[in-house]
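Participant: For reference, the file structure.cif (mmCIF, C-alpha atoms and all ligand atoms) is included below:
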```cif
data_run
#
loop_
_atom_site.group_PDB
_atom_site.id
_atom_site.type_symbol
_atom_site.label_atom_id
_atom_site.label_comp_id
_atom_site.auth_asym_id
_atom_site.auth_seq_id
_atom_site.Cartn_x
_atom_site.Cartn_y
_atom_site.Cartn_z
ATOM 1 C CA ARG A 229 5.720 -25.215 -2.308
ATOM 2 C CA ASN A 230 6.074 -26.232 -5.932
ATOM 3 C CA SER A 231 2.441 -26.965 -6.681
ATOM 4 C CA PRO A 232 1.486 -26.285 -10.310
ATOM 5 C CA GLN A 233 -0.843 -23.520 -9.113
ATOM 6 C CA ARG A 234 1.970 -21.804 -7.286
ATOM 7 C CA LEU A 235 4.297 -22.025 -10.250
ATOM 8 C CA VAL A 236 1.649 -20.473 -12.484
ATOM 9 C CA LEU A 237 1.040 -17.667 -9.989
ATOM 10 C CA GLY A 238 4.788 -17.045 -9.818
ATOM 11 C CA GLY A 239 4.972 -16.574 -13.561
ATOM 12 C CA ASP A 240 2.074 -14.135 -13.511
ATOM 13 C CA LEU A 241 3.213 -11.964 -10.643
ATOM 14 C CA ALA A 242 5.677 -9.791 -12.533
ATOM 15 C CA HIS A 243 2.994 -9.206 -15.149
ATOM 16 C CA ALA A 244 0.468 -8.406 -12.399
ATOM 17 C CA ILE A 245 2.676 -5.708 -10.907
ATOM 18 C CA GLU A 246 3.480 -4.215 -14.278
ATOM 19 C CA PHE A 247 -0.076 -4.294 -15.622
ATOM 20 C CA ASP A 248 -1.899 -3.080 -12.581
ATOM 21 C CA GLU A 249 -3.624 -6.272 -11.507
ATOM 22 C CA LEU A 250 -2.685 -5.530 -7.919
ATOM 23 C CA THR A 251 -4.946 -3.463 -5.741
ATOM 24 C CA VAL A 252 -4.797 -2.189 -2.183
ATOM 25 C CA HIS A 253 -7.509 -2.455 0.453
ATOM 26 C CA PHE A 254 -7.535 -0.453 3.676
ATOM 27 C CA GLN A 255 -8.513 -1.536 7.169
ATOM 28 C CA PRO A 256 -9.299 1.168 9.763
ATOM 29 C CA LYS A 257 -7.110 1.570 12.841
ATOM 30 C CA VAL A 258 -9.350 2.862 15.586
ATOM 31 C CA SER A 259 -8.773 4.464 18.983
ATOM 32 C CA VAL A 260 -9.904 2.034 21.691
ATOM 33 C CA THR A 261 -10.941 4.813 24.061
ATOM 34 C CA ASP A 262 -13.292 6.816 21.844
ATOM 35 C CA GLN A 263 -13.620 4.718 18.661
ATOM 36 C CA SER A 264 -12.325 7.561 16.493
ATOM 37 C CA LEU A 265 -10.571 6.663 13.264
ATOM 38 C CA VAL A 266 -6.826 7.242 13.587
ATOM 39 C CA GLY A 267 -5.467 5.579 10.475
ATOM 40 C CA ALA A 268 -5.723 2.721 8.015
ATOM 41 C CA GLU A 269 -3.508 -0.228 7.127
ATOM 42 C CA ALA A 270 -2.847 -0.874 3.439
ATOM 43 C CA LEU A 271 -3.246 -4.572 2.543
ATOM 44 C CA VAL A 272 -2.394 -5.727 -0.959
ATOM 45 C CA ARG A 273 -4.649 -7.983 -3.073
ATOM 46 C CA TRP A 274 -4.256 -9.446 -6.534
ATOM 47 C CA ARG A 275 -7.169 -9.232 -8.963
ATOM 48 C CA HIS A 276 -6.177 -12.368 -10.835
ATOM 49 C CA PRO A 277 -7.884 -12.659 -14.241
ATOM 50 C CA GLU A 278 -8.778 -16.337 -13.688
ATOM 51 C CA ARG A 279 -8.645 -16.876 -9.943
ATOM 52 C CA GLY A 280 -10.387 -13.725 -8.756
ATOM 53 C CA LEU A 281 -9.197 -11.826 -5.694
ATOM 54 C CA VAL A 282 -6.072 -13.549 -4.313
ATOM 55 C CA GLY A 283 -4.887 -12.694 -0.772
ATOM 56 C CA PRO A 284 -1.318 -11.679 0.093
ATOM 57 C CA ASP A 285 -0.593 -14.905 1.999
ATOM 58 C CA GLU A 286 -0.606 -16.657 -1.384
ATOM 59 C CA PHE A 287 1.897 -14.403 -3.121
ATOM 60 C CA ILE A 288 4.110 -12.460 -0.688
ATOM 61 C CA ASP A 289 6.529 -15.411 -0.395
ATOM 62 C CA LEU A 290 6.508 -15.787 -4.161
ATOM 63 C CA ALA A 291 7.389 -12.138 -4.540
ATOM 64 C CA GLU A 292 10.366 -12.735 -2.234
ATOM 65 C CA GLU A 293 11.505 -15.773 -4.223
ATOM 66 C CA ARG A 294 11.207 -13.994 -7.546
ATOM 67 C CA ASN A 295 12.958 -10.819 -6.462
ATOM 68 C CA LEU A 296 9.756 -8.846 -6.808
ATOM 69 C CA SER A 297 9.497 -7.558 -3.237
ATOM 70 C CA GLY A 298 10.950 -4.183 -4.212
ATOM 71 C CA PRO A 299 8.452 -3.444 -7.004
ATOM 72 C CA LEU A 300 5.602 -4.791 -4.845
ATOM 73 C CA ALA A 301 6.506 -2.581 -1.886
ATOM 74 C CA ARG A 302 6.847 0.495 -4.094
ATOM 75 C CA PHE A 303 3.469 -0.205 -5.650
ATOM 76 C CA VAL A 304 1.721 -0.500 -2.271
ATOM 77 C CA LEU A 305 3.573 2.485 -0.828
ATOM 78 C CA GLY A 306 2.637 4.601 -3.850
ATOM 79 C CA ARG A 307 -1.046 3.685 -3.567
ATOM 80 C CA ALA A 308 -1.117 4.132 0.202
ATOM 81 C CA LEU A 309 0.556 7.552 0.103
ATOM 82 C CA ALA A 310 -1.663 8.752 -2.747
ATOM 83 C CA GLU A 311 -4.728 7.712 -0.763
ATOM 84 C CA CYS A 312 -3.427 9.349 2.414
ATOM 85 C CA ALA A 313 -2.792 12.585 0.490
ATOM 86 C CA ARG A 314 -6.392 12.443 -0.742
ATOM 87 C CA TRP A 315 -7.736 11.984 2.809
ATOM 88 C CA HIS A 316 -5.681 14.964 3.972
ATOM 89 C CA ASP A 317 -7.004 17.054 1.062
ATOM 90 C CA GLU A 318 -10.515 16.168 2.223
ATOM 91 C CA GLY A 319 -9.632 17.376 5.721
ATOM 92 C CA ILE A 320 -9.340 13.868 7.163
ATOM 93 C CA HIS A 321 -6.017 13.923 8.972
ATOM 94 C CA ILE A 322 -5.336 10.256 9.577
ATOM 95 C CA GLY A 323 -2.244 8.143 8.999
ATOM 96 C CA VAL A 324 -1.578 5.227 6.710
ATOM 97 C CA ALA A 325 0.344 2.029 7.505
ATOM 98 C CA VAL A 326 2.237 -0.127 4.999
ATOM 99 C CA ASN A 327 3.699 -3.592 5.575
ATOM 100 C CA CYS A 328 7.261 -4.228 4.540
ATOM 101 C CA SER A 329 9.256 -7.409 4.153
ATOM 102 C CA VAL A 330 12.736 -8.386 5.272
ATOM 103 C CA SER A 331 14.154 -7.987 1.786
ATOM 104 C CA ASN A 332 12.795 -4.432 1.570
ATOM 105 C CA LEU A 333 14.871 -3.568 4.631
ATOM 106 C CA LEU A 334 17.923 -5.344 3.249
ATOM 107 C CA ASP A 335 17.663 -3.309 0.039
ATOM 108 C CA PRO A 336 20.061 -0.383 0.524
ATOM 109 C CA SER A 337 17.960 1.944 -1.661
ATOM 110 C CA PHE A 338 14.650 1.315 0.118
ATOM 111 C CA ALA A 339 14.968 4.102 2.710
ATOM 112 C CA GLU A 340 15.729 6.613 -0.017
ATOM 113 C CA ASP A 341 12.767 5.391 -2.074
ATOM 114 C CA VAL A 342 10.509 5.960 0.933
ATOM 115 C CA GLU A 343 11.879 9.497 1.278
ATOM 116 C CA VAL A 344 11.355 10.288 -2.411
ATOM 117 C CA MET A 345 7.833 8.821 -2.457
ATOM 118 C CA LEU A 346 6.821 10.790 0.652
ATOM 119 C CA ALA A 347 8.017 13.994 -0.985
ATOM 120 C CA MET A 348 6.237 13.183 -4.260
ATOM 121 C CA ALA A 349 2.951 12.487 -2.491
ATOM 122 C CA ALA A 350 3.440 15.557 -0.259
ATOM 123 C CA VAL A 351 2.456 13.520 2.795
ATOM 124 C CA PRO A 352 4.053 14.456 6.161
ATOM 125 C CA PRO A 353 6.449 11.631 7.130
ATOM 126 C CA ALA A 354 4.753 11.206 10.525
ATOM 127 C CA SER A 355 1.549 10.186 8.714
ATOM 128 C CA LEU A 356 3.269 7.037 7.441
ATOM 129 C CA THR A 357 3.801 3.956 9.605
ATOM 130 C CA LEU A 358 5.962 1.113 8.371
ATOM 131 C CA GLU A 359 4.927 -2.261 9.803
ATOM 132 C CA VAL A 360 7.748 -4.775 10.202
ATOM 133 C CA THR A 361 7.070 -8.334 11.332
ATOM 134 C CA GLU A 362 8.709 -9.307 14.575
ATOM 135 C CA SER A 363 11.488 -11.703 13.666
ATOM 136 C CA MET A 364 15.119 -12.073 14.561
ATOM 137 C CA GLN A 365 15.892 -11.944 10.873
ATOM 138 C CA VAL A 366 14.917 -8.290 10.807
ATOM 139 C CA LEU A 367 15.329 -6.878 14.231
ATOM 140 C CA GLU A 368 18.742 -8.357 14.841
ATOM 141 C CA ASN A 369 20.187 -7.903 11.366
ATOM 142 C CA PRO A 370 22.534 -4.882 11.265
ATOM 143 C CA LYS A 371 21.619 -3.970 7.658
ATOM 144 C CA ALA A 372 17.904 -4.102 8.356
ATOM 145 C CA VAL A 373 18.368 -2.115 11.563
ATOM 146 C CA ALA A 374 20.345 0.541 9.663
ATOM 147 C CA SER A 375 17.462 0.848 7.160
ATOM 148 C CA LEU A 376 14.940 1.133 9.987
ATOM 149 C CA ARG A 377 16.973 3.908 11.567
ATOM 150 C CA ARG A 378 17.228 5.839 8.309
ATOM 151 C CA ILE A 379 13.486 5.543 7.749
ATOM 152 C CA SER A 380 12.744 6.484 11.345
ATOM 153 C CA ASP A 381 15.048 9.510 11.021
ATOM 154 C CA LEU A 382 12.821 10.728 8.170
ATOM 155 C CA GLY A 383 10.042 11.013 10.744
ATOM 156 C CA VAL A 384 8.217 7.859 9.603
ATOM 157 C CA GLN A 385 6.783 5.731 12.425
ATOM 158 C CA ILE A 386 7.996 2.185 12.902
ATOM 159 C CA SER A 387 5.634 -0.553 14.043
ATOM 160 C CA VAL A 388 6.482 -4.116 15.096
ATOM 161 C CA ASP A 389 3.807 -6.417 13.641
ATOM 162 C CA ASP A 390 2.685 -9.839 14.916
ATOM 163 C CA PHE A 391 4.301 -9.070 18.271
ATOM 164 C CA GLY A 392 4.570 -12.009 20.623
ATOM 165 C CA THR A 393 5.171 -14.651 17.959
ATOM 166 C CA GLY A 394 8.804 -14.018 17.094
ATOM 167 C CA TYR A 395 10.549 -15.234 20.251
ATOM 168 C CA SER A 396 13.087 -12.456 19.868
ATOM 169 C CA SER A 397 14.819 -10.687 22.687
ATOM 170 C CA LEU A 398 12.992 -7.866 24.404
ATOM 171 C CA ALA A 399 16.225 -5.877 24.413
ATOM 172 C CA TYR A 400 15.679 -4.619 20.874
ATOM 173 C CA LEU A 401 12.511 -2.839 21.918
ATOM 174 C CA ARG A 402 14.728 -0.444 23.801
ATOM 175 C CA ARG A 403 17.518 -0.270 21.251
ATOM 176 C CA LEU A 404 15.441 0.274 18.121
ATOM 177 C CA PRO A 405 13.378 3.263 17.038
ATOM 178 C CA ILE A 406 10.011 1.599 17.619
ATOM 179 C CA ASP A 407 6.876 3.750 17.944
ATOM 180 C CA GLU A 408 4.189 1.081 17.913
ATOM 181 C CA VAL A 409 3.701 -2.587 18.723
ATOM 182 C CA LYS A 410 0.883 -4.689 17.263
ATOM 183 C CA VAL A 411 -0.199 -7.578 19.458
ATOM 184 C CA ASP A 412 -0.581 -10.650 17.276
ATOM 185 C CA ARG A 413 -4.162 -11.653 16.642
ATOM 186 C CA SER A 414 -3.600 -15.208 17.901
ATOM 187 C CA PHE A 415 -3.421 -13.799 21.458
ATOM 188 C CA VAL A 416 -6.178 -11.224 20.980
ATOM 189 C CA GLN A 417 -8.705 -13.667 19.568
ATOM 190 C CA HIS A 418 -8.559 -16.044 22.515
ATOM 191 C CA MET A 419 -8.051 -13.580 25.336
ATOM 192 C CA LEU A 420 -11.565 -14.063 26.727
ATOM 193 C CA THR A 421 -11.389 -17.845 26.776
ATOM 194 C CA HIS A 422 -7.713 -18.507 27.502
ATOM 195 C CA GLU A 423 -6.319 -16.945 30.657
ATOM 196 C CA ASP A 424 -2.759 -17.290 29.393
ATOM 197 C CA ASP A 425 -3.541 -15.247 26.295
ATOM 198 C CA ALA A 426 -5.215 -12.547 28.378
ATOM 199 C CA ALA A 427 -2.131 -12.429 30.608
ATOM 200 C CA ILE A 428 0.160 -12.117 27.572
ATOM 201 C CA VAL A 429 -1.912 -9.304 26.047
ATOM 202 C CA GLY A 430 -2.006 -7.477 29.404
ATOM 203 C CA ALA A 431 1.743 -7.872 29.887
ATOM 204 C CA ILE A 432 2.564 -6.644 26.357
ATOM 205 C CA ILE A 433 0.356 -3.576 26.843
ATOM 206 C CA GLU A 434 1.955 -2.754 30.162
ATOM 207 C CA LEU A 435 5.534 -3.319 28.984
ATOM 208 C CA CYS A 436 5.179 -1.354 25.750
ATOM 209 C CA ARG A 437 3.360 1.536 27.320
ATOM 210 C CA SER A 438 5.996 1.830 30.018
ATOM 211 C CA LEU A 439 8.572 2.035 27.203
ATOM 212 C CA GLY A 440 6.568 4.872 25.617
ATOM 213 C CA MET A 441 5.226 2.903 22.654
ATOM 214 C CA ARG A 442 1.613 2.721 21.562
ATOM 215 C CA VAL A 443 -0.068 -0.640 21.449
ATOM 216 C CA VAL A 444 -2.432 -1.811 18.719
ATOM 217 C CA ALA A 445 -4.439 -5.015 19.060
ATOM 218 C CA GLU A 446 -5.199 -6.792 15.779
ATOM 219 C CA GLY A 447 -7.916 -9.314 14.994
ATOM 220 C CA VAL A 448 -10.633 -7.819 17.213
ATOM 221 C CA GLU A 449 -13.759 -9.683 16.159
ATOM 222 C CA THR A 450 -16.215 -8.961 18.994
ATOM 223 C CA GLY A 451 -17.373 -6.089 21.171
ATOM 224 C CA GLU A 452 -16.454 -8.120 24.259
ATOM 225 C CA VAL A 453 -12.802 -8.278 23.216
ATOM 226 C CA TRP A 454 -12.956 -4.552 22.465
ATOM 227 C CA SER A 455 -14.173 -3.819 26.013
ATOM 228 C CA ALA A 456 -11.509 -6.065 27.520
ATOM 229 C CA LEU A 457 -8.821 -4.163 25.569
ATOM 230 C CA GLN A 458 -10.265 -0.904 26.817
ATOM 231 C CA ARG A 459 -9.952 -2.115 30.411
ATOM 232 C CA LEU A 460 -6.343 -3.151 29.797
ATOM 233 C CA GLY A 461 -5.438 0.318 28.465
ATOM 234 C CA CYS A 462 -4.740 -0.696 24.857
ATOM 235 C CA ASP A 463 -4.387 2.364 22.559
ATOM 236 C CA GLN A 464 -5.744 1.238 19.205
ATOM 237 C CA ALA A 465 -7.443 -1.748 17.628
ATOM 238 C CA GLN A 466 -8.168 -3.253 14.248
ATOM 239 C CA GLY A 467 -10.467 -6.078 13.318
ATOM 240 C CA PHE A 468 -13.575 -7.368 11.636
ATOM 241 C CA TRP A 469 -15.740 -6.118 14.530
ATOM 242 C CA PHE A 470 -15.066 -2.578 13.393
ATOM 243 C CA SER A 471 -14.379 -3.160 9.708
ATOM 244 C CA ARG A 472 -12.868 -5.647 7.284
ATOM 245 C CA PRO A 473 -10.248 -4.330 4.878
ATOM 246 C CA VAL A 474 -12.165 -2.482 2.125
ATOM 247 C CA PRO A 475 -11.302 -0.749 -1.171
ATOM 248 C CA ALA A 476 -10.362 2.905 -0.602
ATOM 249 C CA ASP A 477 -13.524 4.241 -2.231
ATOM 250 C CA GLU A 478 -15.827 2.005 -0.187
ATOM 251 C CA ARG A 479 -16.735 3.705 3.069
ATOM 252 C CA SER A 480 -19.677 2.356 4.981
ATOM 253 C CA GLU A 481 -22.224 4.758 6.472
ATOM 254 C CA GLU A 482 -20.832 4.074 9.900
ATOM 255 C CA HIS A 483 -17.321 5.111 8.915
ATOM 256 C CA THR A 484 -18.459 8.098 6.926
ATOM 257 C CA SER A 485 -20.233 9.470 9.980
ATOM 258 C CA GLU A 486 -17.133 8.655 12.001
ATOM 259 C CA LEU A 487 -15.080 10.759 9.614
ATOM 260 C CA GLN A 488 -17.292 13.826 9.765
HETATM 261 P P1 LIG B 501 -0.935 -8.580 8.793
HETATM 262 O O1 LIG B 501 -0.038 -7.434 8.499
HETATM 263 O O2 LIG B 501 -0.891 -9.168 10.160
HETATM 264 O O3 LIG B 501 -2.393 -8.069 8.398
HETATM 265 C C1 LIG B 501 -3.563 -8.414 9.088
HETATM 266 C C2 LIG B 501 -4.288 -9.553 8.414
HETATM 267 O O4 LIG B 501 -5.355 -9.957 9.259
HETATM 268 C C3 LIG B 501 -4.945 -9.144 7.085
HETATM 269 O O5 LIG B 501 -4.942 -10.275 6.238
HETATM 270 C C4 LIG B 501 -6.365 -8.805 7.529
HETATM 271 O O6 LIG B 501 -7.325 -8.954 6.509
HETATM 272 C C5 LIG B 501 -6.590 -9.830 8.601
HETATM 273 N N1 LIG B 501 -7.560 -9.385 9.604
HETATM 274 C C6 LIG B 501 -7.868 -8.118 9.947
HETATM 275 N N2 LIG B 501 -8.805 -8.101 10.928
HETATM 276 C C7 LIG B 501 -9.076 -9.386 11.213
HETATM 277 C C8 LIG B 501 -9.972 -10.025 12.154
HETATM 278 O O7 LIG B 501 -10.693 -9.396 12.915
HETATM 279 N N3 LIG B 501 -9.974 -11.389 12.158
HETATM 280 C C9 LIG B 501 -9.174 -12.126 11.323
HETATM 281 N N4 LIG B 501 -9.267 -13.453 11.388
HETATM 282 N N5 LIG B 501 -8.330 -11.561 10.436
HETATM 283 C C10 LIG B 501 -8.275 -10.207 10.383
HETATM 284 P P2 LIG B 501 -4.440 -10.198 4.744
HETATM 285 O O8 LIG B 501 -4.889 -8.924 4.123
HETATM 286 O O9 LIG B 501 -4.803 -11.490 4.097
HETATM 287 O O10 LIG B 501 -2.874 -10.087 4.901
HETATM 288 C C11 LIG B 501 -2.112 -11.159 5.375
HETATM 289 C C12 LIG B 501 -0.685 -10.765 5.586
HETATM 290 O O11 LIG B 501 -0.038 -10.472 4.335
HETATM 291 C C13 LIG B 501 -0.534 -9.476 6.400
HETATM 292 O O12 LIG B 501 -0.657 -9.789 7.760
HETATM 293 C C14 LIG B 501 0.860 -9.034 6.011
HETATM 294 O O13 LIG B 501 1.841 -9.704 6.759
HETATM 295 C C15 LIG B 501 0.949 -9.503 4.573
HETATM 296 N N6 LIG B 501 0.754 -8.347 3.682
HETATM 297 C C16 LIG B 501 -0.388 -7.728 3.298
HETATM 298 N N7 LIG B 501 -0.141 -6.699 2.473
HETATM 299 C C17 LIG B 501 1.207 -6.652 2.328
HETATM 300 C C18 LIG B 501 2.110 -5.793 1.606
HETATM 301 O O14 LIG B 501 1.709 -4.837 0.915
HETATM 302 N N8 LIG B 501 3.444 -6.079 1.697
HETATM 303 C C19 LIG B 501 3.927 -7.104 2.477
HETATM 304 N N9 LIG B 501 5.253 -7.308 2.511
HETATM 305 N N10 LIG B 501 3.119 -7.917 3.162
HETATM 306 C C20 LIG B 501 1.778 -7.687 3.097
HETATM 307 CA CA CA B 502 0.453 -5.533 9.320
HETATM 308 CA CA CA B 503 -0.233 -8.751 12.135
#
```
As structure tokens, please, write out the structure in this file.
Ligand code: C2E
Ligand code: CA
Ligand code: CA

Facilitator:
Amino acid sequence: RNSPQRLVLGGDLAHAIEFDELTVHFQPKVSVTDQSLVGAEALVRWRHPERGLVGPDEFIDLAEERNLSGPLARFVLGRALAECARWHDEGIHIGVAVNCSVSNLLDPSFAEDVEVMLAMAAVPPASLTLEVTESMQVLENPKAVASLRRISDLGVQISVDDFGTGYSSLAYLRRLPIDEVKVDRSFVQHMLTHEDDAAIVGAIIELCRSLGMRVVAEGVETGEVWSALQRLGCDQAQGFWFSRPVPADERSEEHTSELQ
């Protein structure tokens, strides 16, 4: 936790946000039934001057510790909405998803910031999905729930990320304004070799669909898993099999033809 490397990164992070060393990559969200592109998830990266491209797992916690989660979230949201507006201008009407942390939801001004940024980017609220990790900390905290409701009332979609790992009560699925559930990749990746994982994925799909929510499987790395998800009635999928997260201006041939 207090390794010298981590301490150095912590010191640099404020500078990175201020001086534009952060960048956002996008990973396609694809319809399982017809493989059409339905959206993209924004994933932050840090172009560190000495260490190269640093992944979010190495600095999201640091941002929390250093009170930088607000500026980080606003940066990613700004980039994601600007990109989404550009897609819409090009006639590509797909959504964009942004991850948010517990402290974003505990920040009383966050919902208003989302509203203002949507208006500034002129993106319809329904084109934005906010992904919130499944944890009791968020979904059972009254302040966080109030934020989620305010954001949902704007017309923004709410997604529960890493579903199946949080051990929280299923009751909140009914009580909260949840539009989408993302099955954690630990279940998806082993569903063809571990019967238990396949049963969990199948049960999540069935439960969520019966509650009127769409289900997204993450971490799809093979065509076989894709086909299995299709059989189970999963709505959307994301994963290396279709595309890794890529910079916004990098569209492979395959995706370009998909977009046309
Ligand atoms: P996540 O939201 O669950 O994002 C999915 C992660 O899985 C991404 O890692 C993505 O690159 C990776 N992934 C996608 N497809 C596959 C696959 O087929 N196989 C495997 N093995 N991995 C796949 P990444 O970009 O390193 O992000 C890690 C986590 O950092 C994210 O997990 C999310 O919780 C967090 N994160 C990323 N961007 C942001 C952000 O802007 N704000 C906040 N608060 N958290 C963020
Ligand atoms: Ca996510
Ligand atoms: Ca996830």

Participant: Kindly assemble as JSON lines a list of the chain A residues that lie within 10 Å of ligand CA 503 (chain B), each paired with its nearest atom pair and their distance in Å to one decimal, using only C-alpha atoms and all ligand atoms, sorted first by chain and then by ascending residue number.

Facilitator:
```
{"residue": "A:Asn327", "atom": "CA", "partner": "B:CA503", "partner_atom": "CA", "distance": 9.2}
{"residue": "A:Glu359", "atom": "CA", "partner": "B:CA503", "partner_atom": "CA", "distance": 8.6}
{"residue": "A:Val360", "atom": "CA", "partner": "B:CA503", "partner_atom": "CA", "distance": 9.1}
{"residue": "A:Thr361", "atom": "CA", "partner": "B:CA503", "partner_atom": "CA", "distance": 7.4}
{"residue": "A:Glu362", "atom": "CA", "partner": "B:CA503", "partner_atom": "CA", "distance": 9.3}
{"residue": "A:Val388", "atom": "CA", "partner": "B:CA503", "partner_atom": "CA", "distance": 8.7}
{"residue": "A:Asp389", "atom": "CA", "partner": "B:CA503", "partner_atom": "CA", "distance": 4.9}
{"residue": "A:Asp390", "atom": "CA", "partner": "B:CA503", "partner_atom": "CA", "distance": 4.2}
{"residue": "A:Phe391", "atom": "CA", "partner": "B:CA503", "partner_atom": "CA", "distance": 7.6}
{"residue": "A:Thr393", "atom": "CA", "partner": "B:CA503", "partner_atom": "CA", "distance": 9.9}
{"residue": "A:Val409", "atom": "CA", "partner": "B:CA503", "partner_atom": "CA", "distance": 9.8}
{"residue": "A:Lys410", "atom": "CA", "partner": "B:CA503", "partner_atom": "CA", "distance": 6.6}
{"residue": "A:Val411", "atom": "CA", "partner": "B:CA503", "partner_atom": "CA", "distance": 7.4}
{"residue": "A:Asp412", "atom": "CA", "partner": "B:CA503", "partner_atom": "CA", "distance": 5.5}
{"residue": "A:Arg413", "atom": "CA", "partner": "B:CA503", "partner_atom": "CA", "distance": 6.6}
{"residue": "A:Ser414", "atom": "CA", "partner": "B:CA503", "partner_atom": "CA", "distance": 9.3}
{"residue": "A:Val444", "atom": "CA", "partner": "B:CA503", "partner_atom": "CA", "distance": 9.8}
{"residue": "A:Ala445", "atom": "CA", "partner": "B:CA503", "partner_atom": "CA", "distance": 8.9}
{"residue": "A:Glu446", "atom": "CA", "partner": "B:CA503", "partner_atom": "CA", "distance": 6.5}
{"residue": "A:Gly447", "atom": "CA", "partner": "B:CA503", "partner_atom": "CA", "distance": 8.2}
{"residue": "A:Gln466", "atom": "CA", "partner": "B:CA503", "partner_atom": "CA", "distance": 9.9}
```

Participant: Please produce a file of those selected residues containing C-alpha atoms, as a short mmCIF file (atom, residue, chain, number, x, y, z; two decimals), in the coordinates of the input.

Facilitator:
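Writing the result to out-v4.cif gives the following:
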```
data_model
loop_
_atom_site.label_atom_id
_atom_site.label_comp_id
_atom_site.auth_asym_id
_atom_site.auth_seq_id
_atom_site.Cartn_x
_atom_site.Cartn_y
_atom_site.Cartn_z
CA ASN A 327 3.70 -3.59 5.58
CA GLU A 359 4.93 -2.26 9.80
CA VAL A 360 7.75 -4.78 10.20
CA THR A 361 7.07 -8.33 11.33
CA GLU A 362 8.71 -9.31 14.58
CA VAL A 388 6.48 -4.12 15.10
CA ASP A 389 3.81 -6.42 13.64
CA ASP A 390 2.68 -9.84 14.92
CA PHE A 391 4.30 -9.07 18.27
CA THR A 393 5.17 -14.65 17.96
CA VAL A 409 3.70 -2.59 18.72
CA LYS A 410 0.88 -4.69 17.26
CA VAL A 411 -0.20 -7.58 19.46
CA ASP A 412 -0.58 -10.65 17.28
CA ARG A 413 -4.16 -11.65 16.64
CA SER A 414 -3.60 -15.21 17.90
CA VAL A 444 -2.43 -1.81 18.72
CA ALA A 445 -4.44 -5.01 19.06
CA GLU A 446 -5.20 -6.79 15.78
CA GLY A 447 -7.92 -9.31 14.99
CA GLN A 466 -8.17 -3.25 14.25
#
```

Participant: Expand the PyMOL selection byres (((not hetatm)) within 7 of (chain B and resi 501)) into the individual residues it matches in the shown file, reporting them as a PDB file with C-alpha atoms, in the frame of the given file.

Facilitator:
```pdb
ATOM      1  CA  ALA A 270      -2.847  -0.874   3.439  1.00  0.00           C
ATOM      2  CA  LEU A 271      -3.246  -4.572   2.543  1.00  0.00           C
ATOM      3  CA  VAL A 272      -2.394  -5.727  -0.959  1.00  0.00           C
ATOM      4  CA  GLY A 283      -4.887 -12.694  -0.772  1.00  0.00           C
ATOM      5  CA  PRO A 284      -1.318 -11.679   0.093  1.00  0.00           C
ATOM      6  CA  ASP A 285      -0.593 -14.905   1.999  1.00  0.00           C
ATOM      7  CA  ILE A 288       4.110 -12.460  -0.688  1.00  0.00           C
ATOM      8  CA  LEU A 300       5.602  -4.791  -4.845  1.00  0.00           C
ATOM      9  CA  ALA A 301       6.506  -2.581  -1.886  1.00  0.00           C
ATOM     10  CA  VAL A 304       1.721  -0.500  -2.271  1.00  0.00           C
ATOM     11  CA  VAL A 326       2.237  -0.127   4.999  1.00  0.00           C
ATOM     12  CA  ASN A 327       3.699  -3.592   5.575  1.00  0.00           C
ATOM     13  CA  CYS A 328       7.261  -4.228   4.540  1.00  0.00           C
ATOM     14  CA  SER A 329       9.256  -7.409   4.153  1.00  0.00           C
ATOM     15  CA  ASP A 389       3.807  -6.417  13.641  1.00  0.00           C
ATOM     16  CA  ASP A 390       2.685  -9.839  14.916  1.00  0.00           C
ATOM     17  CA  GLU A 446      -5.199  -6.792  15.779  1.00  0.00           C
ATOM     18  CA  GLY A 447      -7.916  -9.314  14.994  1.00  0.00           C
ATOM     19  CA  VAL A 448     -10.633  -7.819  17.213  1.00  0.00           C
ATOM     20  CA  GLU A 449     -13.759  -9.683  16.159  1.00  0.00           C
ATOM     21  CA  GLN A 466      -8.168  -3.253  14.248  1.00  0.00           C
ATOM     22  CA  GLY A 467     -10.467  -6.078  13.318  1.00  0.00           C
ATOM     23  CA  PHE A 468     -13.575  -7.368  11.636  1.00  0.00           C
ATOM     24  CA  TRP A 469     -15.740  -6.118  14.530  1.00  0.00           C
ATOM     25  CA  ARG A 472     -12.868  -5.647   7.284  1.00  0.00           C
ATOM     26  CA  PRO A 473     -10.248  -4.330   4.878  1.00  0.00           C
TER      27      PRO A 473
END
```

Participant: Have a look at A:Ala313, A:Ile379, A:Trp274, A:Glu478 and name the one nearest to A:Asp248; count only C-alpha atoms.

Facilitator: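 Closest to A:Asp248 of all the choices is A:Trp274.
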
Participant: Determine the nearest neighbour of A:Glu311 from the options A:Ala242, A:Ala325, A:Val429, A:Ile386, counting only C-alpha atoms.

Facilitator: A:Ala325

Participant: What's the separation between atom CA of A:Ser355 and atom CA of A:Gly306, in Å to one decimal place?

Facilitator: 13.8 Å

Participant: Which residue out of A:Ile322, A:Leu382, A:Leu367, A:Ile433 has the minimum interatomic distance to A:Ala347 when all atoms listed in the file are used?

Facilitator: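 Among the listed residues, A:Leu382 lies closest to A:Ala347.
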
Participant: Using all atoms of stretch 260-265 of chain A that appear in the file, construct an axis-aligned enclosing box with 4 Å of padding on every side and provide its centre coordinates and edge lengths in Å, rounded to one decimal, as lines of an AutoDock Vina configuration file.

Facilitator:
```
center_x = -11.8
center_y = 4.8
center_z = 18.7
size_x = 11.7
size_y = 13.5
size_z = 18.8
```

Participant: What does the structure give for the distance between atom CA of A:Ile245 and atom CA of A:Val282, in Å to one decimal?

Facilitator: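 Pair atom CA of A:Ile245 / atom CA of A:Val282 returns 13.5 Å.
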
Participant: Step by step: start from the point (15.7, -11.5, 2.0) in the file's coordinates, keep every protein, DNA or RNA residue that has an atom no farther than 12 Å from it, count only C-alpha atoms, and write the set as a ChimeraX atom specification.

Facilitator: /A:288-298,328-335,365-366,369,371-372
